[in-house]
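Below is upload19.cif, which holds mmCIF, C-alpha atoms and all ligand atoms.
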```
data_protein
#
loop_
_atom_site.label_atom_id
_atom_site.label_comp_id
_atom_site.auth_asym_id
_atom_site.auth_seq_id
_atom_site.Cartn_x
_atom_site.Cartn_y
_atom_site.Cartn_z
CA MET A 1 0.00 0.00 0.00
CA PRO A 2 1.32 3.48 -0.76
CA SER A 3 2.33 5.93 1.92
CA GLU A 4 -0.47 6.80 4.33
CA SER A 5 1.38 9.72 5.82
CA ARG A 6 -0.24 12.80 4.35
CA VAL A 7 -3.82 12.35 5.40
CA SER A 8 -4.70 10.86 8.73
CA ALA A 9 -5.77 7.48 7.47
CA GLY A 10 -7.55 6.94 10.76
CA GLY A 11 -10.83 7.35 8.92
CA PRO A 12 -13.54 9.77 7.98
CA SER A 13 -13.65 13.33 9.29
CA PRO A 14 -11.81 14.19 12.44
CA GLY A 15 -13.25 13.96 15.92
CA PRO A 16 -13.84 11.02 18.22
CA HIS A 17 -17.63 11.00 17.77
CA ALA A 18 -17.34 10.96 13.98
CA ALA A 19 -14.93 8.05 14.32
CA LEU A 20 -17.48 6.25 16.50
CA ARG A 21 -20.27 6.76 13.95
CA ALA A 22 -18.25 5.70 10.92
CA GLY A 23 -15.68 3.49 12.67
CA VAL A 24 -16.86 0.01 11.71
CA ALA A 25 -17.67 0.98 8.11
CA TRP A 26 -14.29 2.66 7.72
CA GLU A 27 -12.37 -0.34 9.00
CA VAL A 28 -14.32 -2.74 6.75
CA LEU A 29 -13.69 -0.43 3.78
CA ARG A 30 -9.97 -0.13 4.54
CA GLN A 31 -9.60 -3.91 4.56
CA ALA A 32 -11.66 -4.24 1.35
CA LEU A 33 -9.33 -1.73 -0.37
CA ARG A 34 -6.30 -3.70 0.77
CA ARG A 35 -7.75 -7.00 -0.49
CA ARG A 36 -8.76 -5.44 -3.84
CA ALA A 37 -5.30 -3.94 -4.32
CA GLU A 38 -3.69 -7.33 -3.60
CA ALA A 39 -6.06 -9.11 -6.01
CA ALA A 40 -5.48 -6.51 -8.72
CA GLY A 41 -1.72 -6.53 -8.21
CA ARG A 42 -1.72 -2.73 -8.09
CA GLU A 43 -1.09 -0.37 -5.19
CA VAL A 44 -3.22 2.43 -6.58
CA LEU A 45 -6.89 1.71 -7.17
CA ASP A 46 -9.49 3.69 -9.11
CA VAL A 47 -12.26 4.40 -6.61
CA LEU A 48 -15.65 6.00 -7.23
CA ASP A 49 -17.66 7.51 -4.36
CA THR A 50 -21.20 8.02 -5.61
CA GLY A 51 -23.04 10.51 -3.43
CA GLY A 52 -19.73 11.07 -1.70
CA GLY A 53 -20.77 14.52 -0.48
CA SER A 54 -17.99 16.57 1.06
CA GLY A 55 -15.58 13.64 1.03
CA SER A 56 -15.74 12.26 4.55
CA PHE A 57 -14.82 8.84 3.11
CA ALA A 58 -13.31 9.93 -0.22
CA VAL A 59 -10.55 12.09 1.23
CA PRO A 60 -9.26 9.45 3.70
CA VAL A 61 -9.38 6.87 0.87
CA ALA A 62 -7.28 9.22 -1.27
CA GLY A 63 -5.00 9.53 1.76
CA LEU A 64 -4.35 5.80 1.47
CA GLY A 65 -2.91 6.52 -1.98
CA HIS A 66 -5.87 5.81 -4.28
CA ARG A 67 -7.44 7.90 -7.10
CA VAL A 68 -10.94 8.82 -5.95
CA THR A 69 -13.71 10.38 -8.03
CA VAL A 70 -16.70 11.72 -6.11
CA VAL A 71 -19.96 12.08 -8.04
CA ASP A 72 -22.55 14.15 -6.21
CA PRO A 73 -25.42 16.41 -7.32
CA SER A 74 -24.68 19.09 -4.72
CA PRO A 75 -22.32 21.90 -5.82
CA ASP A 76 -21.90 22.93 -2.16
CA ALA A 77 -20.81 19.43 -1.17
CA LEU A 78 -18.37 19.29 -4.09
CA PHE A 79 -16.93 22.66 -3.13
CA ALA A 80 -16.39 21.41 0.42
CA LEU A 81 -14.81 18.24 -0.96
CA GLU A 82 -12.31 20.16 -3.09
CA ARG A 83 -11.38 22.33 -0.11
CA ARG A 84 -10.96 19.33 2.17
CA ALA A 85 -8.87 17.50 -0.45
CA ALA A 86 -6.61 20.55 -0.84
CA GLU A 87 -6.20 20.89 2.94
CA GLU A 88 -5.26 17.22 3.23
CA GLY A 89 -2.79 17.33 0.32
CA VAL A 90 -4.82 15.09 -2.02
CA ALA A 91 -6.15 17.65 -4.53
CA TRP A 92 -6.51 16.00 -7.95
CA GLU A 93 -4.43 18.57 -9.89
CA SER A 94 -1.53 18.84 -7.49
CA SER A 95 -1.08 15.31 -6.20
CA SER A 96 0.60 12.57 -8.21
CA ALA A 97 -0.34 9.70 -5.89
CA GLY A 98 -3.49 9.58 -3.79
CA LYS A 99 -5.96 12.18 -4.98
CA ALA A 100 -9.65 13.09 -4.93
CA ARG A 101 -11.80 15.11 -7.32
CA GLY A 102 -15.46 16.02 -7.55
CA VAL A 103 -17.77 15.66 -10.56
CA GLN A 104 -21.34 16.88 -10.53
CA GLY A 105 -23.90 14.16 -11.25
CA ASP A 106 -26.23 11.66 -9.65
CA THR A 107 -26.96 7.95 -9.81
CA GLN A 108 -29.02 8.44 -12.99
CA ASP A 109 -26.25 9.98 -15.08
CA LEU A 110 -23.43 8.27 -13.18
CA LEU A 111 -22.10 6.21 -16.06
CA ALA A 112 -22.18 9.19 -18.42
CA VAL A 113 -20.16 11.40 -16.06
CA ALA A 114 -17.88 8.80 -14.45
CA GLY A 115 -17.61 6.11 -17.13
CA PRO A 116 -18.76 2.47 -17.19
CA ARG A 117 -16.61 -0.44 -15.90
CA ALA A 118 -13.88 1.99 -14.85
CA TYR A 119 -13.50 1.46 -11.08
CA ASP A 120 -11.94 -1.17 -8.82
CA LEU A 121 -14.07 -0.17 -5.86
CA VAL A 122 -17.27 1.87 -5.70
CA LEU A 123 -18.69 3.41 -2.55
CA CYS A 124 -22.38 4.20 -2.25
CA HIS A 125 -22.89 5.42 1.31
CA GLY A 126 -26.07 7.06 2.55
CA VAL A 127 -27.59 7.44 -0.91
CA LEU A 128 -29.98 4.58 -1.76
CA GLU A 129 -32.37 5.48 1.06
CA HIS A 130 -32.89 8.88 -0.59
CA VAL A 131 -33.45 7.91 -4.24
CA GLU A 132 -36.83 7.17 -5.79
CA ASP A 133 -35.87 3.77 -7.22
CA PRO A 134 -33.06 2.08 -5.24
CA ALA A 135 -32.87 -0.93 -7.62
CA ALA A 136 -32.40 1.30 -10.69
CA ALA A 137 -29.84 3.43 -8.83
CA LEU A 138 -27.90 0.35 -7.71
CA ALA A 139 -27.88 -1.06 -11.27
CA SER A 140 -26.25 2.18 -12.40
CA VAL A 141 -23.73 2.09 -9.51
CA ALA A 142 -22.86 -1.55 -10.29
CA GLY A 143 -22.26 -0.57 -13.93
CA ALA A 144 -19.29 1.55 -12.83
CA LEU A 145 -17.42 -1.50 -11.45
CA ARG A 146 -14.71 -3.36 -13.31
CA PRO A 147 -15.21 -7.15 -13.34
CA GLY A 148 -14.05 -8.45 -9.96
CA GLY A 149 -14.57 -5.01 -8.43
CA THR A 150 -15.97 -4.35 -4.96
CA LEU A 151 -19.04 -2.37 -3.91
CA SER A 152 -19.19 -0.79 -0.45
CA LEU A 153 -22.86 -0.06 0.23
CA LEU A 154 -24.17 1.73 3.34
CA VAL A 155 -27.90 2.30 3.84
CA ALA A 156 -30.37 3.23 6.57
CA GLY A 157 -31.66 0.25 8.59
CA VAL A 158 -35.34 -0.33 9.42
CA GLY A 159 -34.72 -1.79 12.88
CA GLY A 160 -32.66 1.17 14.06
CA ALA A 161 -35.43 3.58 13.05
CA VAL A 162 -38.09 1.50 14.83
CA LEU A 163 -35.99 1.38 17.99
CA ALA A 164 -35.20 5.11 17.87
CA ARG A 165 -38.89 6.05 17.43
CA ALA A 166 -39.93 3.73 20.28
CA LEU A 167 -37.27 5.07 22.66
CA ALA A 168 -38.44 8.60 21.84
CA GLY A 169 -41.96 7.61 22.93
CA ARG A 170 -43.29 7.62 19.35
CA PHE A 171 -44.79 4.16 19.65
CA THR A 172 -47.31 4.44 16.82
CA GLU A 173 -44.64 5.69 14.43
CA ALA A 174 -42.40 2.80 15.51
CA ARG A 175 -45.19 0.31 14.76
CA VAL A 176 -45.89 1.95 11.37
CA ALA A 177 -42.21 1.72 10.40
CA LEU A 178 -42.10 -1.90 11.54
CA GLY A 179 -44.93 -2.85 9.19
CA ASP A 180 -44.09 -0.58 6.25
CA PRO A 181 -42.30 -2.26 3.31
CA ALA A 182 -40.10 0.84 2.93
CA GLY A 183 -39.52 1.14 6.71
CA ARG A 184 -41.09 4.60 6.87
CA TRP A 185 -42.73 5.83 10.07
CA GLY A 186 -45.30 8.09 8.37
CA GLU A 187 -45.98 10.73 5.75
CA ALA A 188 -43.64 13.19 7.44
CA ASP A 189 -40.70 10.76 7.41
CA PRO A 190 -38.00 12.45 5.31
CA VAL A 191 -36.36 9.12 4.40
CA PRO A 192 -38.09 7.34 1.46
CA HIS A 193 -36.57 3.88 2.04
CA ARG A 194 -34.98 1.85 4.80
CA PHE A 195 -33.65 -1.67 4.50
CA THR A 196 -33.44 -4.99 6.31
CA VAL A 197 -30.46 -7.30 5.86
CA ALA A 198 -32.61 -9.64 3.74
CA GLY A 199 -33.91 -6.77 1.60
CA LEU A 200 -30.43 -5.34 1.13
CA THR A 201 -28.96 -8.70 0.16
CA ALA A 202 -31.76 -9.26 -2.38
CA LEU A 203 -31.21 -5.77 -3.81
CA VAL A 204 -27.50 -6.43 -4.26
CA SER A 205 -28.11 -9.83 -5.89
CA GLY A 206 -30.70 -8.26 -8.19
CA ALA A 207 -28.02 -5.87 -9.47
CA GLY A 208 -25.88 -8.86 -10.54
CA LEU A 209 -23.48 -8.60 -7.60
CA THR A 210 -22.40 -11.31 -5.18
CA PRO A 211 -23.23 -10.26 -1.61
CA GLY A 212 -20.39 -10.47 0.91
CA GLU A 213 -19.97 -9.59 4.57
CA VAL A 214 -22.65 -7.51 6.32
CA HIS A 215 -22.13 -5.20 9.30
CA GLY A 216 -24.57 -3.33 11.49
CA ILE A 217 -23.40 0.28 11.93
CA ARG A 218 -24.39 2.55 14.79
CA VAL A 219 -26.16 -0.07 16.84
CA PHE A 220 -25.76 1.89 20.08
CA ALA A 221 -24.08 5.17 19.09
CA ASP A 222 -27.30 7.03 18.25
CA LEU A 223 -29.15 5.74 21.32
CA VAL A 224 -26.59 6.41 24.04
CA PRO A 225 -26.82 9.88 25.65
CA GLY A 226 -23.84 11.99 24.60
CA SER A 227 -23.16 12.94 28.22
CA LEU A 228 -22.38 9.31 29.08
CA VAL A 229 -19.76 9.13 26.37
CA ASP A 230 -18.30 12.56 27.08
CA THR A 231 -17.98 12.38 30.86
CA GLU A 232 -16.94 8.78 31.54
CA PRO A 233 -13.22 8.22 31.04
CA ASP A 234 -12.55 5.59 28.35
CA ALA A 235 -16.29 5.31 27.56
CA LEU A 236 -15.80 6.30 23.93
CA THR A 237 -13.14 3.66 23.39
CA ALA A 238 -15.24 1.00 25.11
CA LEU A 239 -18.34 1.94 23.08
CA THR A 240 -16.37 1.88 19.83
CA ARG A 241 -15.14 -1.63 20.65
CA LEU A 242 -18.67 -2.73 21.56
CA GLU A 243 -19.96 -1.39 18.22
CA ALA A 244 -17.24 -3.31 16.37
CA GLU A 245 -18.17 -6.61 18.01
CA ALA A 246 -21.96 -6.15 17.78
CA ALA A 247 -21.65 -5.18 14.07
CA ARG A 248 -21.05 -8.81 13.07
CA GLN A 249 -23.96 -10.34 14.95
CA PRO A 250 -27.29 -10.73 13.10
CA ALA A 251 -29.33 -9.89 16.23
CA PHE A 252 -27.65 -6.47 16.42
CA GLN A 253 -27.64 -5.93 12.65
CA ALA A 254 -31.43 -6.18 12.90
CA ILE A 255 -31.55 -3.10 15.13
CA ALA A 256 -28.68 -1.10 13.64
CA GLY A 257 -29.18 2.47 12.47
CA GLN A 258 -27.31 1.64 9.27
CA LEU A 259 -26.39 -1.52 7.38
CA HIS A 260 -23.16 -1.96 5.49
CA ILE A 261 -22.59 -4.66 2.89
CA LEU A 262 -19.65 -5.51 0.67
CA ALA A 263 -20.45 -7.04 -2.70
CA ARG A 264 -18.45 -8.15 -5.71
CA LEU A 265 -19.06 -7.96 -9.43
CA PRO A 266 -18.32 -11.45 -10.79
CA GLY A 267 -15.32 -11.77 -13.10
CA GLU A 268 -11.59 -11.23 -12.92
CA LEU A 269 -9.84 -7.90 -12.72
C1 LIG B 1 -26.16 11.45 3.66
S1 LIG B 1 -25.11 12.17 2.48
C2 LIG B 1 -23.82 10.98 2.46
C3 LIG B 1 -22.49 11.56 2.07
C4 LIG B 1 -21.33 10.57 2.08
N1 LIG B 1 -21.59 9.45 1.18
C5 LIG B 1 -21.02 10.08 3.48
O1 LIG B 1 -21.25 8.88 3.77
O2 LIG B 1 -20.54 10.86 4.28
C6 LIG B 1 -25.98 11.84 0.97
C7 LIG B 1 -25.31 12.40 -0.27
O3 LIG B 1 -25.97 11.87 -1.41
C8 LIG B 1 -26.11 12.89 -2.37
N2 LIG B 1 -27.22 12.50 -3.23
C9 LIG B 1 -28.54 12.74 -3.07
N3 LIG B 1 -29.24 12.20 -4.10
C10 LIG B 1 -28.34 11.58 -4.90
C11 LIG B 1 -28.44 10.85 -6.12
N4 LIG B 1 -29.61 10.63 -6.71
N5 LIG B 1 -27.31 10.36 -6.68
C12 LIG B 1 -26.10 10.57 -6.07
N6 LIG B 1 -25.95 11.27 -4.92
C13 LIG B 1 -27.06 11.76 -4.34
C14 LIG B 1 -26.32 14.15 -1.55
O4 LIG B 1 -25.99 15.32 -2.28
C15 LIG B 1 -25.38 13.91 -0.37
O5 LIG B 1 -24.10 14.44 -0.60
#
```
Mind turning the file's structure into structure tokens?
Amino acid sequence: MPSESRVSAGGPSPGPHAALRAGVAWEVLRQALRRRAEAAGREVLDVLDTGGGSGSFAVPVAGLGHRVTVVDPSPDALFALERRAAEEGVAWESSSAGKARGVQGDTQDLLAVAGPRAYDLVLCHGVLEHVEDPAAALASVAGALRPGGTLSLLVAGVGGAVLARALAGRFTEARVALGDPAGRWGEADPVPHRFTVAGLTALVSGAGLTPGEVHGIRVFADLVPGSLVDTEPDALTALTRLEAEAARQPAFQAIAGQLHILARLPGEL
């Protein structure tokens, strides 16, 4: 793997709470990048981050030495991405090794703006729950992968939303979300789709990808009062370790705020 020195390759955006929220997904992604680089026999991978926003994953991935293209519809997010990439020494124009750039687009025009079959690893984090047709969007995202390439997919989980509504005393909304095929708690719910592990796995298979390991993300992090984490010495470290262990267990995946899955496009690189 190339030098990791310029950007803190500790993961997305600085700050211990951000690390807690993204920690498991980042670690799984880091290992997937390493495995893909070994399989491809190349140190530098072409990575696409669709809906990558301001680069909270893209910039640390560039910091590992990879070439990262972020496609996002938001000009503000892309501006923030370019600024963050420049600050971290991975601006596309000025870096010869790891670098990140932004391109305006969405899942619909993804292949036109980013190119088909051009990427070793594609991230799609926090996007499918917001699009009208997740299956169509995922087909487009999968079309950007080279044969043998890896998808890193992060979506909102139904169980986490049900639990959060119930713990907030919104019992009817929790019951509505539990029975709704899209995991929505009502008309006012701003999220159009949430997913179960079974639904996510079926979605990935339907896009022609082979589902791999699944992790539950933010099982406890969104439910634990911030004061507990901030005032107890070592609580943040202990909670982060708890999240990492619970992430692998189906019982906790079922109540996670987010679900992460790795998938592979069949074929050889
Ligand atoms: C919740 S943010 C996630 C950002 C980033 N992936 C992360 O994990 O930090 C969702 C992002 O998806 C982008 N987005 C919304 N609709 C999209 C679409 N149809 N195609 C691609 N990106 C989209 C938004 O502009 C926003 O930057």
* Of the listed residues A:Ala86, A:Leu178, A:Ala254, A:Leu153, that which approaches ligand LIG 1 (chain B) most closely, counting all atoms listed in the file ->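 Among the listed residues, A:Leu153 lies closest to ligand LIG 1 (chain B).
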* **Given all atoms listed in the file as the counted atoms, nearest of A:Ala256, A:Val155, A:Ala118, A:Leu223 to ligand LIG 1 (chain B)** =>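 Using all atoms listed in the file, the shortest distance to ligand LIG 1 (chain B) belongs to A:Val155.
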Dump the neighbourhood of ligand LIG 1 (chain B) as a PDB file with C-alpha atoms, in the frame of the given file: all residues within 7 Å, distances computed on all atoms listed in the file.
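Done, and the output landed in part04.pdb:
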```pdb
ATOM      1  CA  THR A  50     -21.200   8.020  -5.610  1.00  0.00           C
ATOM      2  CA  GLY A  51     -23.040  10.510  -3.430  1.00  0.00           C
ATOM      3  CA  GLY A  52     -19.730  11.070  -1.700  1.00  0.00           C
ATOM      4  CA  GLY A  53     -20.770  14.520  -0.480  1.00  0.00           C
ATOM      5  CA  SER A  54     -17.990  16.570   1.060  1.00  0.00           C
ATOM      6  CA  GLY A  55     -15.580  13.640   1.030  1.00  0.00           C
ATOM      7  CA  SER A  56     -15.740  12.260   4.550  1.00  0.00           C
ATOM      8  CA  PHE A  57     -14.820   8.840   3.110  1.00  0.00           C
ATOM      9  CA  VAL A  71     -19.960  12.080  -8.040  1.00  0.00           C
ATOM     10  CA  ASP A  72     -22.550  14.150  -6.210  1.00  0.00           C
ATOM     11  CA  PRO A  73     -25.420  16.410  -7.320  1.00  0.00           C
ATOM     12  CA  SER A  74     -24.680  19.090  -4.720  1.00  0.00           C
ATOM     13  CA  ALA A  77     -20.810  19.430  -1.170  1.00  0.00           C
ATOM     14  CA  GLY A 105     -23.900  14.160 -11.250  1.00  0.00           C
ATOM     15  CA  ASP A 106     -26.230  11.660  -9.650  1.00  0.00           C
ATOM     16  CA  THR A 107     -26.960   7.950  -9.810  1.00  0.00           C
ATOM     17  CA  GLN A 108     -29.020   8.440 -12.990  1.00  0.00           C
ATOM     18  CA  CYS A 124     -22.380   4.200  -2.250  1.00  0.00           C
ATOM     19  CA  HIS A 125     -22.890   5.420   1.310  1.00  0.00           C
ATOM     20  CA  GLY A 126     -26.070   7.060   2.550  1.00  0.00           C
ATOM     21  CA  VAL A 127     -27.590   7.440  -0.910  1.00  0.00           C
ATOM     22  CA  HIS A 130     -32.890   8.880  -0.590  1.00  0.00           C
ATOM     23  CA  VAL A 131     -33.450   7.910  -4.240  1.00  0.00           C
TER      24      VAL A 131
END
```
* Asked: How many Å separate atom CA of Arg248 of chain A from atom CA of Pro60 of chain A?
  ->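 Calculated distance between atom CA of Arg248 of chain A and atom CA of Pro60 of chain A is 23.7 Å.
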* **Which residue of A:Arg146, A:Arg67, A:Arg34, A:Arg165 approaches Trp185 of chain A most closely, using all atoms listed in the file** =>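 Of A:Arg146, A:Arg67, A:Arg34, A:Arg165, the one nearest Trp185 of chain A is A:Arg165, counting all atoms listed in the file.
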